[in-house]
Amino acid sequence: MSDIRHSLLRDALSAPRGAVPPDIYFSSQLQSAPLPLVDKGPVELLEEFVYQVPKERGAQPKRLNSLQELQLLEIMCNYFQDQSKDSVRQIIFSSLFSPQGNKADDSRMSLLGKLVSMAVAVCRIPVLECAASWLQRTPVVYCVRLARALVDDYCCLVPGSVQTLRQIFSASPRFCCQFITSVTALYDLSSDDLIPPLDLLEMIVSWIFEDSRLILITFLNTPIAANLPIGFLELTPLTGLIRWCVKAPLAYKRKKKPSLSNGHVAAKAAPDSAGLDRDPHLLYSKLHLSVLQVLMVLQVHLTEKNLYGRLGLILFDHMVPLVEEINRLADELNPLNASQEIELSLDRLAQALQVAMASGALLCTRDDLRTLCSRLPHNNLLQLVISGPVPQSPHAALPPGFYPHIHTPPLGYGAVPAHPAAHPALPTHPGHTFLSGMGFPFRPIR
């Protein structure tokens with residue numbers, strides 16, 4: 001490594017003004033690298049010649065100008081595009097951008113954000129696939145930084161540029177899944193600044209509504225152990241999406257948005273179709289429906305992987321802070337002015353908990369739920385969920401197609417007796433002739 005470093009320094013000193021700087025020259029040599037860069041030596045060279053971290057103490061760090069940085073990004077993009085071996089791509093991408101816990105991490109994350117943003121713009125699928133793997137094995141504190149960089153570039157800086165980001169749905173669904181998981185970790189609706197931008201929300205809802213299996217791609221294509229590592233992104237964005245749907249009514253009420261009524265904005269004026277499609281309350285309703293549909297099919301996938309009852313994709317420990325946040329928001333908002341929003345939020349929470357438990361995605365008992373939800377405002381649906389199913393009395397001989405009554409008389413009241421006789425003032429109607437050869441078109445309720 002010492003010889004390589006001296007060679008790079010010699011080339012830098014002998015290069016004429018305006019020539020390609022050594023960091024760009026070093027990156028271009030990745031094309032002919034015989035072995036993956038995995039040792040500490042190559043990482044130190046990367047930090048010195050790519051991320052401009054000086055090796056000598058007290059030396060001032062160098063910075064690339066905009067043109068040199070663009071050249072470096074272009075070389076990296078072309079390298080990952082032309083590299084035919086996926087394993088080599090993954091190892092070199094990891095060597096370039098895995099956080100090392102030192103002062104080079106800021107430069108590393110800045111360059112990574114620009115590289116992935118460029119890959120989105122020019123549709124470099126190998127870079128996006130490498131970024132998806134990077135998001136899966138990198139601590140969440142770094143993943144949200146990459147997510148914020150992409151949101152800033154495509155949802156905030158230039159109006160309309162979100163269409164470019166939207167198009168990668170078909171190019172790299174795996175990256176889209178990891179991106180959704182990252183942004184749900186970033187935007188947790190804990191403050192007005194952490195409510196997802198409307199363009200971002202609309203894009204994610206359109207992705208999931210088009211194909212709800214998108215959010216299960218990482219789970220379905222990853223070898224999984226029963227114990228997941230702590231501090232990394234979850235296997236699916238389900239927990240984050242549930243948080244969005246449940247907290248949205250209260251978070252938008254806190255922002256002084258129009259009040260909700262059954263998930264819809266109270267009608268003040270007839271909006272046009274474009275404005276209706278971009279209504280955040282309707283978007284969250286569509287998202288909630290898609291999440292419930294995904295939860296309903298999870299039992300099959302968990303059973304196929306022999307993980308049913310062993311792996312909870314929605315951790316109970318993550319539901320605890322969500323319920324605490326709902327309780328805090330409900331107390332913060334005046335219940336007299338936010339009763340509809342509180343009701344909608346608790347309805348969505350109850351639906352998500354019930355379906356998640358039924359599918360095996362959430363592993364907990366009804367007693368756990370009662371303890372967890374004991375301090376929440378009263379909600380009829382939530383009370384039904386935490387009470388559990390009502391045991392039915394056995395019916396020995398019921399005819400086919402017969403469904404027992406769901407509701408039984410309250411305690412202390414007998415069954416309502418039949419009317420003793422027909423009303424005398426009412427005329428009697430002729431009875432219908434019974435045709436023994438005609439079958440009754442009975443259809444059980446589905």
# chains A, B, ... in the order shown; residues from 1 in each chain; ligands from 1
call {"tool": "residues_around", "arguments": {"residues": "A:Asp86", "least_positions_apart": "3", "cutoff": "12 Å", "atoms": "only C-alpha atoms", "output": "JSON, numbers by chain"}}
result
{"A": [36, 79, 80, 81, 82, 83, 89, 90, 91, 92, 93, 125, 126, 127, 129, 130, 133]}
call {"tool": "write_last_selection", "arguments": {"atoms": "C-alpha atoms", "output": "compact mmCIF listing (two decimals), in the first residue's frame"}}
result
# COMPACT_ATOMS: atom_id res chain seq x y z
CA PRO A 36 -12.01 -6.43 -4.00
CA TYR A 79 -17.57 1.79 -13.19
CA PHE A 80 -20.56 0.27 -11.40
CA GLN A 81 -22.51 0.21 -14.66
CA ASP A 82 -19.75 -1.60 -16.56
CA GLN A 83 -18.74 -4.04 -13.81
CA ARG A 89 -19.77 -4.24 -7.31
CA GLN A 90 -21.20 -4.83 -3.86
CA ILE A 91 -17.82 -5.19 -2.13
CA ILE A 92 -16.33 -2.10 -3.77
CA PHE A 93 -19.47 -0.05 -3.07
CA ILE A 125 -29.72 0.41 -11.98
CA PRO A 126 -26.49 -1.26 -10.68
CA VAL A 127 -25.80 1.77 -8.48
CA GLU A 129 -29.08 -2.03 -6.38
CA CYS A 130 -25.80 -1.45 -4.54
CA SER A 133 -27.84 -3.43 -0.18
call {"tool": "atom_distance", "arguments": {"atom1": "atom CA of A:Gln136", "atom2": "atom CA of A:Phe179"}}
result
10.1 Å
call {"tool": "residues_around", "arguments": {"residues": "A:Asp347", "least_positions_apart": "2", "cutoff": "8 Å", "atoms": "only C-alpha atoms", "output": "PyMOL selection string"}}
result
chain A and resi 343-345+349-351+379+381-382
call {"tool": "write_last_selection", "arguments": {"atoms": "all heavy atoms", "output": "PDB file, in the first residue's frame"}}
result
ATOM      1  N   GLU A 343     -60.836  10.041  16.938  1.00  0.00           N
ATOM      2  CA  GLU A 343     -61.594   8.837  16.617  1.00  0.00           C
ATOM      3  C   GLU A 343     -61.015   8.124  15.402  1.00  0.00           C
ATOM      4  O   GLU A 343     -60.854   6.893  15.394  1.00  0.00           O
ATOM      5  CB  GLU A 343     -63.058   9.209  16.361  1.00  0.00           C
ATOM      6  CG  GLU A 343     -63.995   8.022  16.247  1.00  0.00           C
ATOM      7  CD  GLU A 343     -64.358   7.426  17.591  1.00  0.00           C
ATOM      8  OE1 GLU A 343     -63.983   7.995  18.629  1.00  0.00           O
ATOM      9  OE2 GLU A 343     -65.016   6.372  17.593  1.00  0.00           O
ATOM     10  N   LEU A 344     -60.673   8.887  14.357  1.00  0.00           N
ATOM     11  CA  LEU A 344     -60.107   8.284  13.146  1.00  0.00           C
ATOM     12  C   LEU A 344     -58.754   7.658  13.433  1.00  0.00           C
ATOM     13  O   LEU A 344     -58.445   6.551  12.970  1.00  0.00           O
ATOM     14  CB  LEU A 344     -59.986   9.344  12.050  1.00  0.00           C
ATOM     15  CG  LEU A 344     -59.334   8.905  10.746  1.00  0.00           C
ATOM     16  CD1 LEU A 344     -60.116   7.764  10.114  1.00  0.00           C
ATOM     17  CD2 LEU A 344     -59.227  10.083   9.774  1.00  0.00           C
ATOM     18  N   SER A 345     -57.926   8.343  14.213  1.00  0.00           N
ATOM     19  CA  SER A 345     -56.607   7.815  14.544  1.00  0.00           C
ATOM     20  C   SER A 345     -56.714   6.512  15.321  1.00  0.00           C
ATOM     21  O   SER A 345     -56.011   5.524  15.027  1.00  0.00           O
ATOM     22  CB  SER A 345     -55.838   8.861  15.361  1.00  0.00           C
ATOM     23  OG  SER A 345     -54.565   8.387  15.721  1.00  0.00           O
ATOM     24  N   LEU A 349     -55.596   2.658  14.302  1.00  0.00           N
ATOM     25  CA  LEU A 349     -54.732   1.873  15.186  1.00  0.00           C
ATOM     26  C   LEU A 349     -55.364   0.521  15.487  1.00  0.00           C
ATOM     27  O   LEU A 349     -54.687  -0.518  15.432  1.00  0.00           O
ATOM     28  CB  LEU A 349     -54.479   2.650  16.482  1.00  0.00           C
ATOM     29  CG  LEU A 349     -53.689   1.903  17.560  1.00  0.00           C
ATOM     30  CD1 LEU A 349     -52.271   1.616  17.080  1.00  0.00           C
ATOM     31  CD2 LEU A 349     -53.668   2.692  18.866  1.00  0.00           C
ATOM     32  N   ALA A 350     -56.652   0.521  15.806  1.00  0.00           N
ATOM     33  CA  ALA A 350     -57.333  -0.738  16.124  1.00  0.00           C
ATOM     34  C   ALA A 350     -57.335  -1.685  14.935  1.00  0.00           C
ATOM     35  O   ALA A 350     -57.089  -2.897  15.084  1.00  0.00           O
ATOM     36  CB  ALA A 350     -58.770  -0.443  16.565  1.00  0.00           C
ATOM     37  N   GLN A 351     -57.601  -1.170  13.745  1.00  0.00           N
ATOM     38  CA  GLN A 351     -57.604  -2.017  12.558  1.00  0.00           C
ATOM     39  C   GLN A 351     -56.224  -2.609  12.299  1.00  0.00           C
ATOM     40  O   GLN A 351     -56.086  -3.807  11.993  1.00  0.00           O
ATOM     41  CB  GLN A 351     -58.079  -1.207  11.354  1.00  0.00           C
ATOM     42  CG  GLN A 351     -59.536  -0.801  11.423  1.00  0.00           C
ATOM     43  CD  GLN A 351     -59.888   0.259  10.403  1.00  0.00           C
ATOM     44  OE1 GLN A 351     -59.036   0.727   9.644  1.00  0.00           O
ATOM     45  NE2 GLN A 351     -61.144   0.670  10.387  1.00  0.00           N
ATOM     46  N   ASN A 379     -62.451   4.225  22.624  1.00  0.00           N
ATOM     47  CA  ASN A 379     -62.804   4.012  21.218  1.00  0.00           C
ATOM     48  C   ASN A 379     -63.463   2.645  21.115  1.00  0.00           C
ATOM     49  O   ASN A 379     -62.914   1.639  21.575  1.00  0.00           O
ATOM     50  CB  ASN A 379     -61.544   4.073  20.335  1.00  0.00           C
ATOM     51  CG  ASN A 379     -61.834   3.796  18.879  1.00  0.00           C
ATOM     52  OD1 ASN A 379     -61.759   2.657  18.446  1.00  0.00           O
ATOM     53  ND2 ASN A 379     -62.164   4.826  18.122  1.00  0.00           N
ATOM     54  N   LEU A 381     -64.101   0.570  18.587  1.00  0.00           N
ATOM     55  CA  LEU A 381     -63.412  -0.460  17.810  1.00  0.00           C
ATOM     56  C   LEU A 381     -62.190  -0.969  18.555  1.00  0.00           C
ATOM     57  O   LEU A 381     -61.919  -2.178  18.575  1.00  0.00           O
ATOM     58  CB  LEU A 381     -63.024   0.095  16.440  1.00  0.00           C
ATOM     59  CG  LEU A 381     -62.350  -0.872  15.480  1.00  0.00           C
ATOM     60  CD1 LEU A 381     -63.238  -2.084  15.226  1.00  0.00           C
ATOM     61  CD2 LEU A 381     -62.028  -0.173  14.152  1.00  0.00           C
ATOM     62  N   LEU A 382     -61.453  -0.071  19.176  1.00  0.00           N
ATOM     63  CA  LEU A 382     -60.271  -0.486  19.925  1.00  0.00           C
ATOM     64  C   LEU A 382     -60.659  -1.361  21.114  1.00  0.00           C
ATOM     65  O   LEU A 382     -59.950  -2.331  21.441  1.00  0.00           O
ATOM     66  CB  LEU A 382     -59.497   0.744  20.393  1.00  0.00           C
ATOM     67  CG  LEU A 382     -58.132   0.505  21.048  1.00  0.00           C
ATOM     68  CD1 LEU A 382     -57.195  -0.226  20.086  1.00  0.00           C
ATOM     69  CD2 LEU A 382     -57.508   1.820  21.487  1.00  0.00           C
TER      70      LEU A 382
END
call {"tool": "atom_distance", "arguments": {"atom1": "atom CA of A:Leu200", "atom2": "atom CA of A:Ile217"}}
result
19.9 Å
call {"tool": "atom_distance", "arguments": {"atom1": "atom CA of A:Val122", "atom2": "atom CA of A:Thr164"}}
result
9.1 Å
